[in-house]
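Colleague: My questions will all concern the structure given below.
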Amino acid sequence: MARRTKEEAFETRESILDAAEKCFHEKGVSRTSLSEIAQAAGVTRGAIYWHFQDKADLLDALFQRIQLPMAPLNQAAHDASASNPLERFRELLVTVLKRLESDPAARRVNEILLLKCDYVEAPSTQKKHLQSMNKHHDDNLRTSLLLAMASGELPADLDLEMALFCAHSFIYGILHQWLMQPQQLSLVERADDIAATLLDMLRDSPHLRSKSP
């Protein structure tokens, strides 16, 4: 009985997430109410609060759900004991880009996060939550760059903060631009070229080198 109860709770949670993904994607985050999500999921509003604190918590859970298949690559990209960390980072980036085009759920969730979150609510918990997610991504990216510098795959005099800012902007810019105009190119076909462009910039740009004091 306890096992069944646990399974039912998981099924309810997944139903709520499915409904939130559908509602957020159709109406945007701020224009979707928890009552609408509850109705779409066939549960009570109280059931939502049993599993999630608010819409920001739902956003985070949606993002974490699409990240689950990426866990092994994420771990390898940030594992100090793994060889060729820059190659591990490249593999992760290529997979992220290809999934954006090939996985409908990944595309919907990224559209919600990058195109359908407005920050008009006060207090804007969605904005704070997304800022926290961005910081998490920055921390992971910083780890990848540091490991690549230590391995000699990136220059030892790389201006880490400038490189981090440019790499983050490059990646998010690609995601946003493709979601806005997916007809421009196929990420499945060009992901390797896009990743190579970023790595070339990190390795070769003289403007990403630390300035002598």
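Ordering of the structure tokens sets the chain letters (A, B, ...); residue numbers start at 1 within each chain; ligands are numbered from 1 in the order shown.
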Find the residues around range 171-177 of chain A up to 10 Å (only C-alpha atoms counted), leave out those fewer than 3 positions away in its own chain, and share them as number ranges by chain.
Modeller: A: 93, 96-97, 100, 107, 110-111, 113-115, 166-168, 180-182, 184, 187, 194-195, 198
Colleague: Set out as a Markdown table a contact list for range 45-160 of chain A and range 21-35 of chain A with a cut-off of 6 Å, giving each residue of range 45-160 of chain A that qualifies its closest atom pair and distance in Å to one decimal, counting only C-alpha atoms, ordered by chain and rising residue number.
Modeller:
| residue | atom | partner | partner_atom | distance |
| --- | --- | --- | --- | --- |
| A:Arg45 | CA | A:Ser35 | CA | 5.8 |
| A:Ile112 | CA | A:His25 | CA | 5.7 |
| A:Lys116 | CA | A:Gly28 | CA | 4.8 |
| A:Cys117 | CA | A:Val29 | CA | 5.5 |
Colleague: Using N, CA, C and O atoms, can you write the selected residues to a file as a PDB file, in the first residue's frame?
Modeller:
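That gives us again-v1.pdb:
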ATOM      1  N   ARG A  45      -6.172  22.563  -6.302  1.00  0.00           N
ATOM      2  CA  ARG A  45      -5.094  23.536  -6.098  1.00  0.00           C
ATOM      3  C   ARG A  45      -4.227  23.119  -4.908  1.00  0.00           C
ATOM      4  O   ARG A  45      -3.005  23.294  -4.919  1.00  0.00           O
ATOM      5  N   ILE A 112       9.479  28.343 -22.836  1.00  0.00           N
ATOM      6  CA  ILE A 112       8.863  28.931 -21.636  1.00  0.00           C
ATOM      7  C   ILE A 112       9.878  29.795 -20.902  1.00  0.00           C
ATOM      8  O   ILE A 112       9.608  30.949 -20.549  1.00  0.00           O
ATOM      9  N   LYS A 116       8.765  33.057 -22.713  1.00  0.00           N
ATOM     10  CA  LYS A 116       7.423  33.201 -22.164  1.00  0.00           C
ATOM     11  C   LYS A 116       7.409  33.470 -20.668  1.00  0.00           C
ATOM     12  O   LYS A 116       6.407  33.239 -20.000  1.00  0.00           O
ATOM     13  N   CYS A 117       8.524  33.957 -20.143  1.00  0.00           N
ATOM     14  CA  CYS A 117       8.575  34.426 -18.753  1.00  0.00           C
ATOM     15  C   CYS A 117       8.655  35.939 -18.788  1.00  0.00           C
ATOM     16  O   CYS A 117       9.632  36.500 -19.283  1.00  0.00           O
TER      17      CYS A 117
END
Colleague: Could you give me, as a tab-separated table, a per-residue list for range 20-93 of chain A showing, wherever an atom lies at most 9 Å from an atom of range 140-158 of chain A, the closest pair of atoms and their distance in Å to one decimal, using only C-alpha atoms and sorting by chain then residue number from low to high?
Modeller:
residue	atom	partner	partner_atom	distance
A:Asn74	CA	A:Asn140	CA	8.8
A:Ala77	CA	A:Ser144	CA	6.4
A:His78	CA	A:Ser144	CA	5.8
A:Asp79	CA	A:Leu147	CA	8.6
A:Ala80	CA	A:Leu147	CA	6.7
A:Ser83	CA	A:Ser151	CA	8.3
A:Asn84	CA	A:Ser151	CA	7.2
A:Pro85	CA	A:Ala148	CA	5.5
A:Leu86	CA	A:Ala148	CA	5.3
A:Glu87	CA	A:Ala148	CA	8.8
A:Arg88	CA	A:Ser144	CA	8.6
A:Phe89	CA	A:Ser144	CA	6.6
Colleague: With C-alpha atoms kept, could you save the residues just selected as a JSON list (two decimals), in the first residue's frame?
Modeller:
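What follows is the written file again_34.json:
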[["chain", "number", "residue", "atom", "x", "y", "z"],
["A", 74, "ASN", "CA", 26.87, 16.99, -16.99],
["A", 77, "ALA", "CA", 31.89, 17.76, -17.97],
["A", 78, "HIS", "CA", 32.47, 18.88, -14.38],
["A", 79, "ASP", "CA", 34.49, 15.90, -13.12],
["A", 80, "ALA", "CA", 38.00, 16.95, -12.20],
["A", 83, "SER", "CA", 40.33, 13.44, -19.12],
["A", 84, "ASN", "CA", 39.99, 16.10, -21.83],
["A", 85, "PRO", "CA", 37.53, 18.36, -19.98],
["A", 86, "LEU", "CA", 37.14, 20.71, -22.94],
["A", 87, "GLU", "CA", 36.03, 17.79, -25.11],
["A", 88, "ARG", "CA", 33.56, 16.75, -22.39],
["A", 89, "PHE", "CA", 32.18, 20.30, -22.40]]
Colleague: Go through A:Ala191, A:Ile16, A:Glu161, A:Leu73 and flag the residue nearest Asp57 in chain A, using only C-alpha atoms for the distances.
Modeller: A:Ile16
Colleague: What parts of range 32-138 of chain A does DSSP call alpha helix (DSSP H)? I'd like the answer as a count of residues only.
Modeller: 79
Colleague: Give the answer as one residue: which of A:Arg203, A:Lys6, A:Lys135, A:Arg13 has the shortest atom-to-atom distance to Ala47 in chain A, using only C-alpha atoms?
Modeller: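 Checking each of A:Arg203, A:Lys6, A:Lys135, A:Arg13 against Ala47 in chain A, counting only C-alpha atoms, the winner is A:Arg13.
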Colleague: Using only C-alpha atoms, which protein or nucleic acid residues come within 9 Å of Thr12 in chain A? Drop anything in the same chain fewer than 3 positions from it, and give the result as a PyMOL selection string.
Modeller: chain A and resi 7-9+15-17+41+43+47-48+51
Colleague: Find, counting only C-alpha atoms, the residue in A:Ala20, A:Ala38, A:Leu58, A:Leu185 that gets nearest to Lys98 in chain A.
Modeller: A:Leu185
Colleague: Work out how far CA of Pro72 in chain A is from CA of Asp200 in chain A, in Å to one decimal.
Modeller: 25.1 Å
